[in-house]
Amino acid sequence: MKLLLAPALLFLFQATVQAQTISGSIKDDAGKPAEKATVSLLNAKDSSIVKLNAAKADGGYQFESINNGRYLVMATSVGYAAAYSAAFDYKSANLKLEPIILTKSGTQLTGVVVTARRPLVEVKADKMIVNVEGTVNATGNDGIDLLRRSPGVMVDKDDNISMAGKNGVEVYIDGKPSPLKGSELGNYLRSLQSTSIESIELITNPSAKYEAAGNAGIINIRLKKDKSLGTNGTLTAGYNIGIYSKYNGGLSLNHRGRKFNAFGNYNYSQGLNNNILTLNRDVADTLFDQRTNMIMDRKSHNMKAGVDYYINSKSTVGIMGNATLNDDGFNSNGPMPITPKNTNIVDRILQANTVTKGNRDNYNLNANYKYADTSGHELNVDLDYARFNNKNNQQVSNIYYAADGSTILNKNLYRMYTPTGIDIYSIKTDYQQRFFKGTLGYGFKLGWVNTNNDFQRFDNNGPTEKPDLNNSNKFDYKENINAGYVNYNRQFKGFLIQAGLRVENTNSQGQSTGLVWNAGGNRYDNYDSTLKRNYTDLFPSAAITINKNPMRQWNFTYSRRIDRPNYSLLNPFEFALNDYTFMKGNTQLTPQYTNSFGVTYTYKYKLNTTLNYSHIKDMFAQIVDVTDGSKSFQTTKNLASQDVISLNISYPFSYKSYSLFTNLSSNYSKFKADFGGGSRVINTDAFAGNLFTQSTLRFAKTWTAELSTLYISPFIWQGAFKGKAMGFVDAGLQKTIMKGKGTLKGSVSDIFKTMRFRGTSDYAGQYTRVGANWESRQFKMNFTYRFGSAQIKSARQRKTGLDDEKNRAGDSGGTGGAPGQGSPK
């Protein structure tokens, strides 16, 4: 086994541990040294203890021989409440932290409880971490709502996600990439409640360890994991009210012992949601004024269960399964007056009504093996399988009335049944060890995705329903990606380097089959539209961190990334909202590539400034085009290029019980494209920005108040839409009850109802105005109750065999739990 994990050749270059230190001081609230205070170095990831120490007579402390990582320091003393440093990154250099101040407590400490209060947002050179857990205004929100509130993230009316002005974002759940995009991904994220989400990682400069997909980077949603020993659990219940009522609740159980960790949870949510869509189109000879009222009925069940078994202090095996079951109803209706330009008088009104029933079921199974020893060798192996079953049954009614709104002129009635099945298989292996006084990591991943889409349309205009073969087809899509990577990082005196190279071989094939009328228009002919692509790409990445003075750090990064068109963008099916408005895929869509350069300056671990430049080739853009004279369809095409310069500045401020986090994101974008000259040329540039703030005030020991604000300036969306300014103001209040075991939260989102989408497009002779409103203003209540053991591993337990390696292995209880093809390695 050791020969497999650490070849003899590589042992020749193992790094020696340098005697670099982490030091600081502990003071009481009078400013005097806190002699003999207990000082604990904790993992920032899970609050587990790395090392223990005691403050000296002058209050000073010091930790030596610490591996690179992210930590925080906790100080405790009899008669004082536990106090914490800010989380920090340690990279094998002498590091001195700011003093930690202890404040008197009304009760004596009976034990060491290692649960650190994390700030709302933590900013690192390569990512920003939004700590959802514990924030009041996250109450009652789902995954989509939380992304809308994340700094620098935009979610449009179709649930497309952009970050830092770029639209190629890959979403991960617990480190596993999701194959879902657009509205399907949005529906899945809506099934995740804030009570089950711990944090959201906005990774703007992924290393070679991560998959190359995502030109804007990666959004990784971390689900909650229980790290306590013994048996424990959490019960949650929530209620929201906007226009309609919404309910959510959940139960999680965990038992962690010396040899195994068993865990499971269940969450349920349901409720009606109201959306209003306005679409005004001005085409060559006609004006269309469409207003659609949409009511969505969502029911979601989320379940997860698994077991980790600790073979020994170095090895752990685990198995985990989870399922998401969604039942959705969707009703839309609304009039669309049609006005010829030559008369400027409404001559008919289209009343389009849609009734949709659907379900989306997702099942995942993960088996994993982990090995880690004290000399720096780590091996991770993951086997994953995921299955998605999506079914949609939609009844569409198009009734044309005369201008009086009561005389029926004609009808067009049809039904669409669209089942989709997705199977995902992957195997992934990652290995790292010390090498040439640094860390060398390498690994591979093999992944397969098989997608089957059946689009069946039925004509209901006659006395009986009959198949509409001319508007039905099938689309099967297969994708195989074989990847390998190597990544190396090393700390020198005053600077850290990281360099990596990833190679990905992509093999994809799509086949659309069906029937069409022949040239004579008197019979059906078979057609087969097949696309096939095979290509191999190299994706280098590099970073240099200058940390000679830890209080003033510079970080320079470069990466090359790709976004492949997924089956939903390639699928040539036509999804109709009514007779005049529909969406369809584009089989000619090719991958888009991005080269990104970034520089980050960090001052005293607080003020973070990041400047980034990206050049995107063959960018994906949503285009609203015209067909048959006046019909409008939305599709995705490759723009020629996009250049984006973005600036992000963040700063946390705190004084006693008050804290404020401010984040300013801005970007300048230049779009260029030519789809045939004239009105089909896009050459535009725009500046956009958003400002996010969150104020937190803790008072009367058990109360917390929060105020969150977001302003989004006018912006350009995907090169074609000009969006107007939008934003929100949220306010919330939290009360701790039941001796700290219970928490009550209440909040009001979007108090002034300013979070709404407004946009215009002028393309291909069609001027379009789009508006989207949803139940953004809601009153939300949530109750959380924690029961059972709440003790993380202590120093005494370390002596009885639960050492650091077991603790780290035991944290795998939450790996997995999402639609995806394996972890980001």
# chains A, B, ... in the order shown; residues from 1 in each chain; ligands from 1
call {"tool": "residues_around", "arguments": {"residues": "segment 741-751 of chain A", "least_positions_apart": "4", "cutoff": "7 Å", "atoms": "only C-alpha atoms", "output": "compact mmCIF listing (two decimals) with N, CA and C atoms, in the first residue's frame"}}
result
# COMPACT_ATOMS: atom_id res chain seq x y z
N VAL A 136 -29.36 36.05 9.67
CA VAL A 136 -30.80 36.16 9.89
C VAL A 136 -31.56 36.29 8.58
N ASN A 137 -31.07 37.14 7.67
CA ASN A 137 -31.82 37.45 6.46
C ASN A 137 -31.79 36.34 5.42
N THR A 139 -33.13 33.60 6.21
CA THR A 139 -34.30 32.86 6.66
C THR A 139 -35.34 32.72 5.56
N PHE A 728 -32.47 45.48 -3.52
CA PHE A 728 -33.39 45.15 -2.43
C PHE A 728 -32.87 45.70 -1.11
N VAL A 729 -33.78 45.78 -0.14
CA VAL A 729 -33.46 46.05 1.26
C VAL A 729 -34.16 44.98 2.09
N ASP A 730 -33.41 44.20 2.86
CA ASP A 730 -33.94 43.16 3.74
C ASP A 730 -33.66 43.53 5.19
N ALA A 731 -34.57 43.14 6.08
CA ALA A 731 -34.35 43.36 7.52
C ALA A 731 -34.78 42.12 8.28
N GLY A 732 -34.04 41.77 9.33
CA GLY A 732 -34.35 40.57 10.09
C GLY A 732 -33.97 40.67 11.54
N LEU A 733 -34.56 39.78 12.33
CA LEU A 733 -34.32 39.74 13.77
C LEU A 733 -34.22 38.29 14.22
N GLN A 734 -33.28 38.01 15.13
CA GLN A 734 -33.07 36.64 15.62
C GLN A 734 -33.04 36.63 17.14
N LYS A 735 -33.62 35.58 17.73
CA LYS A 735 -33.64 35.41 19.18
C LYS A 735 -33.22 33.99 19.52
N THR A 736 -32.23 33.86 20.41
CA THR A 736 -31.81 32.55 20.90
C THR A 736 -32.64 32.19 22.12
N ILE A 737 -33.22 30.98 22.12
CA ILE A 737 -34.10 30.55 23.21
C ILE A 737 -33.70 29.16 23.67
N MET A 755 -36.71 44.67 -6.33
CA MET A 755 -35.97 43.58 -6.96
C MET A 755 -36.82 43.03 -8.10
N SER A 776 -40.89 38.83 -4.49
CA SER A 776 -39.62 39.17 -3.85
C SER A 776 -39.83 39.68 -2.43
N ARG A 777 -40.98 40.35 -2.17
CA ARG A 777 -41.24 40.82 -0.81
C ARG A 777 -42.04 39.76 -0.07
N GLN A 778 -41.39 39.20 0.96
CA GLN A 778 -42.02 38.15 1.75
C GLN A 778 -41.68 38.35 3.22
N PHE A 779 -42.60 37.95 4.07
CA PHE A 779 -42.34 37.85 5.51
C PHE A 779 -42.01 36.39 5.80
N LYS A 780 -40.91 36.17 6.54
CA LYS A 780 -40.40 34.82 6.72
C LYS A 780 -40.12 34.55 8.19
N MET A 781 -40.53 33.37 8.65
CA MET A 781 -40.27 32.93 10.01
C MET A 781 -39.62 31.56 9.98
N ASN A 782 -38.68 31.33 10.89
CA ASN A 782 -38.02 30.03 10.95
C ASN A 782 -37.67 29.69 12.39
N PHE A 783 -37.84 28.42 12.75
CA PHE A 783 -37.47 27.92 14.07
C PHE A 783 -36.50 26.76 13.90
N THR A 784 -35.42 26.78 14.67
CA THR A 784 -34.42 25.72 14.65
C THR A 784 -34.20 25.21 16.07
N TYR A 785 -34.20 23.89 16.24
CA TYR A 785 -33.94 23.29 17.55
C TYR A 785 -32.87 22.23 17.40
N ARG A 786 -31.83 22.33 18.21
CA ARG A 786 -30.72 21.39 18.19
C ARG A 786 -30.76 20.53 19.45
N PHE A 787 -30.58 19.24 19.27
CA PHE A 787 -30.64 18.34 20.41
C PHE A 787 -29.52 17.31 20.33
call {"tool": "select_by_dssp", "arguments": {"residues": "segment 382-606 of chain A", "states": "alpha helix (DSSP H)", "output": "PyMOL selection string"}}
result
chain A and resi 567-570
call {"tool": "write_last_selection", "arguments": {"atoms": "N, CA, C and O atoms", "output": "mmCIF file, in the first residue's frame"}}
result
data_model
loop_
_atom_site.group_PDB
_atom_site.id
_atom_site.type_symbol
_atom_site.label_atom_id
_atom_site.label_comp_id
_atom_site.auth_asym_id
_atom_site.auth_seq_id
_atom_site.Cartn_x
_atom_site.Cartn_y
_atom_site.Cartn_z
ATOM 1 N N TYR A 567 -26.838 19.790 -23.260
ATOM 2 C CA TYR A 567 -27.917 19.259 -24.098
ATOM 3 C C TYR A 567 -29.082 20.229 -24.214
ATOM 4 O O TYR A 567 -29.752 20.296 -25.247
ATOM 5 N N SER A 568 -29.358 21.023 -23.162
ATOM 6 C CA SER A 568 -30.505 21.927 -23.208
ATOM 7 C C SER A 568 -30.266 23.080 -24.175
ATOM 8 O O SER A 568 -31.221 23.630 -24.742
ATOM 9 N N LEU A 569 -28.996 23.474 -24.394
ATOM 10 C CA LEU A 569 -28.695 24.522 -25.368
ATOM 11 C C LEU A 569 -28.628 23.974 -26.781
ATOM 12 O O LEU A 569 -28.891 24.705 -27.745
ATOM 13 N N LEU A 570 -28.267 22.711 -26.938
ATOM 14 C CA LEU A 570 -28.170 22.093 -28.260
ATOM 15 C C LEU A 570 -29.507 21.554 -28.757
ATOM 16 O O LEU A 570 -29.751 21.493 -29.961
#
call {"tool": "atom_distance", "arguments": {"atom1": "atom CA of Arg457 of chain A", "atom2": "atom CA of Ser529 of chain A"}}
result
19.0 Å
call {"tool": "atom_distance", "arguments": {"atom1": "atom CA of Gly421 of chain A", "atom2": "atom CA of Asn275 of chain A"}}
result
27.9 Å
call {"tool": "residues_around", "arguments": {"residues": "Ser332 of chain A", "least_positions_apart": "6", "cutoff": "9 Å", "atoms": "only C-alpha atoms", "output": "PDB file with all heavy atoms, in the first residue's frame"}}
result
ATOM      1  N   THR A 292     -48.234  38.059 -19.029  1.00  0.00           N
ATOM      2  CA  THR A 292     -48.519  36.694 -18.602  1.00  0.00           C
ATOM      3  C   THR A 292     -48.408  36.592 -17.084  1.00  0.00           C
ATOM      4  O   THR A 292     -47.397  36.998 -16.492  1.00  0.00           O
ATOM      5  CB  THR A 292     -47.539  35.697 -19.251  1.00  0.00           C
ATOM      6  OG1 THR A 292     -47.616  35.814 -20.669  1.00  0.00           O
ATOM      7  CG2 THR A 292     -47.875  34.269 -18.848  1.00  0.00           C
ATOM      8  N   ASN A 293     -49.436  36.071 -16.458  1.00  0.00           N
ATOM      9  CA  ASN A 293     -49.435  35.820 -15.020  1.00  0.00           C
ATOM     10  C   ASN A 293     -49.177  34.332 -14.805  1.00  0.00           C
ATOM     11  O   ASN A 293     -49.895  33.472 -15.331  1.00  0.00           O
ATOM     12  CB  ASN A 293     -50.774  36.223 -14.408  1.00  0.00           C
ATOM     13  CG  ASN A 293     -50.754  36.084 -12.894  1.00  0.00           C
ATOM     14  OD1 ASN A 293     -49.985  36.752 -12.212  1.00  0.00           O
ATOM     15  ND2 ASN A 293     -51.611  35.233 -12.373  1.00  0.00           N
ATOM     16  N   MET A 294     -48.147  34.031 -14.036  1.00  0.00           N
ATOM     17  CA  MET A 294     -47.737  32.634 -13.839  1.00  0.00           C
ATOM     18  C   MET A 294     -47.827  32.275 -12.359  1.00  0.00           C
ATOM     19  O   MET A 294     -47.305  33.017 -11.517  1.00  0.00           O
ATOM     20  CB  MET A 294     -46.320  32.413 -14.357  1.00  0.00           C
ATOM     21  CG  MET A 294     -46.168  32.632 -15.853  1.00  0.00           C
ATOM     22  SD  MET A 294     -44.442  32.537 -16.419  1.00  0.00           S
ATOM     23  CE  MET A 294     -43.836  34.133 -15.875  1.00  0.00           C
ATOM     24  N   ILE A 295     -48.454  31.167 -12.062  1.00  0.00           N
ATOM     25  CA  ILE A 295     -48.536  30.655 -10.696  1.00  0.00           C
ATOM     26  C   ILE A 295     -47.907  29.269 -10.677  1.00  0.00           C
ATOM     27  O   ILE A 295     -48.334  28.370 -11.410  1.00  0.00           O
ATOM     28  CB  ILE A 295     -49.991  30.590 -10.204  1.00  0.00           C
ATOM     29  CG1 ILE A 295     -50.594  32.002 -10.171  1.00  0.00           C
ATOM     30  CG2 ILE A 295     -50.051  29.957  -8.816  1.00  0.00           C
ATOM     31  CD1 ILE A 295     -52.037  32.028  -9.759  1.00  0.00           C
ATOM     32  N   MET A 296     -46.900  29.105  -9.849  1.00  0.00           N
ATOM     33  CA  MET A 296     -46.180  27.844  -9.754  1.00  0.00           C
ATOM     34  C   MET A 296     -46.449  27.186  -8.405  1.00  0.00           C
ATOM     35  O   MET A 296     -46.371  27.855  -7.370  1.00  0.00           O
ATOM     36  CB  MET A 296     -44.679  28.073  -9.941  1.00  0.00           C
ATOM     37  CG  MET A 296     -44.291  28.375 -11.371  1.00  0.00           C
ATOM     38  SD  MET A 296     -42.747  29.306 -11.519  1.00  0.00           S
ATOM     39  CE  MET A 296     -43.322  30.964 -11.152  1.00  0.00           C
ATOM     40  N   ALA A 352     -53.587  33.360 -24.260  1.00  0.00           N
ATOM     41  CA  ALA A 352     -52.790  32.121 -24.193  1.00  0.00           C
ATOM     42  C   ALA A 352     -52.804  31.600 -22.771  1.00  0.00           C
ATOM     43  O   ALA A 352     -52.350  32.283 -21.846  1.00  0.00           O
ATOM     44  CB  ALA A 352     -51.362  32.388 -24.647  1.00  0.00           C
ATOM     45  N   ASN A 353     -53.320  30.407 -22.582  1.00  0.00           N
ATOM     46  CA  ASN A 353     -53.378  29.771 -21.273  1.00  0.00           C
ATOM     47  C   ASN A 353     -52.566  28.476 -21.310  1.00  0.00           C
ATOM     48  O   ASN A 353     -52.677  27.690 -22.263  1.00  0.00           O
ATOM     49  CB  ASN A 353     -54.818  29.468 -20.863  1.00  0.00           C
ATOM     50  CG  ASN A 353     -55.656  30.730 -20.768  1.00  0.00           C
ATOM     51  OD1 ASN A 353     -55.173  31.770 -20.365  1.00  0.00           O
ATOM     52  ND2 ASN A 353     -56.932  30.624 -21.159  1.00  0.00           N
ATOM     53  N   THR A 354     -51.792  28.247 -20.266  1.00  0.00           N
ATOM     54  CA  THR A 354     -50.957  27.051 -20.186  1.00  0.00           C
ATOM     55  C   THR A 354     -51.159  26.386 -18.830  1.00  0.00           C
ATOM     56  O   THR A 354     -51.110  27.053 -17.798  1.00  0.00           O
ATOM     57  CB  THR A 354     -49.467  27.411 -20.363  1.00  0.00           C
ATOM     58  OG1 THR A 354     -49.277  28.051 -21.612  1.00  0.00           O
ATOM     59  CG2 THR A 354     -48.605  26.162 -20.301  1.00  0.00           C
ATOM     60  N   VAL A 355     -51.376  25.082 -18.858  1.00  0.00           N
ATOM     61  CA  VAL A 355     -51.476  24.284 -17.634  1.00  0.00           C
ATOM     62  C   VAL A 355     -50.422  23.186 -17.714  1.00  0.00           C
ATOM     63  O   VAL A 355     -50.439  22.375 -18.646  1.00  0.00           O
ATOM     64  CB  VAL A 355     -52.875  23.679 -17.454  1.00  0.00           C
ATOM     65  CG1 VAL A 355     -52.927  22.824 -16.195  1.00  0.00           C
ATOM     66  CG2 VAL A 355     -53.940  24.772 -17.404  1.00  0.00           C
ATOM     67  N   THR A 356     -49.518  23.187 -16.746  1.00  0.00           N
ATOM     68  CA  THR A 356     -48.396  22.254 -16.795  1.00  0.00           C
ATOM     69  C   THR A 356     -48.331  21.436 -15.511  1.00  0.00           C
ATOM     70  O   THR A 356     -48.477  21.976 -14.413  1.00  0.00           O
ATOM     71  CB  THR A 356     -47.068  23.014 -16.975  1.00  0.00           C
ATOM     72  OG1 THR A 356     -47.135  23.831 -18.131  1.00  0.00           O
ATOM     73  CG2 THR A 356     -45.897  22.044 -17.101  1.00  0.00           C
TER      74      THR A 356
END
call {"tool": "select_by_dssp", "arguments": {"residues": "segment 213-337 of chain A", "states": "strand (DSSP E)", "output": "ChimeraX atom specification"}}
result
/A:217-223,230-241,245-256,260-282,286-310,315-337
call {"tool": "closest_residue", "arguments": {"among": "A:Asp58, A:Asp537, A:Asp29, A:Asp159", "to": "Ile101 of chain A", "atoms": "only C-alpha atoms"}}
result
A:Asp29
call {"tool": "atom_distance", "arguments": {"atom1": "atom CA of Thr135 of chain A", "atom2": "atom CA of Thr696 of chain A"}}
result
8.9 Å
call {"tool": "closest_residue", "arguments": {"among": "A:Val132, A:Glu465, A:Asn368, A:Asp373", "to": "Tyr414 of chain A", "atoms": "only C-alpha atoms"}}
result
A:Glu465
call {"tool": "closest_residue", "arguments": {"among": "A:Thr684, A:Thr420, A:Ser150, A:Ser199", "to": "Phe388 of chain A", "atoms": "only C-alpha atoms"}}
result
A:Thr420
call {"tool": "closest_residue", "arguments": {"among": "A:Asn571, A:Asn364, A:Asn471, A:Asn215", "to": "Ala164 of chain A", "atoms": "only C-alpha atoms"}}
result
A:Asn215
call {"tool": "closest_residue", "arguments": {"among": "A:Val599, A:Leu365, A:Met583, A:Leu589", "to": "Ala542 of chain A", "atoms": "only C-alpha atoms"}}
result
A:Val599
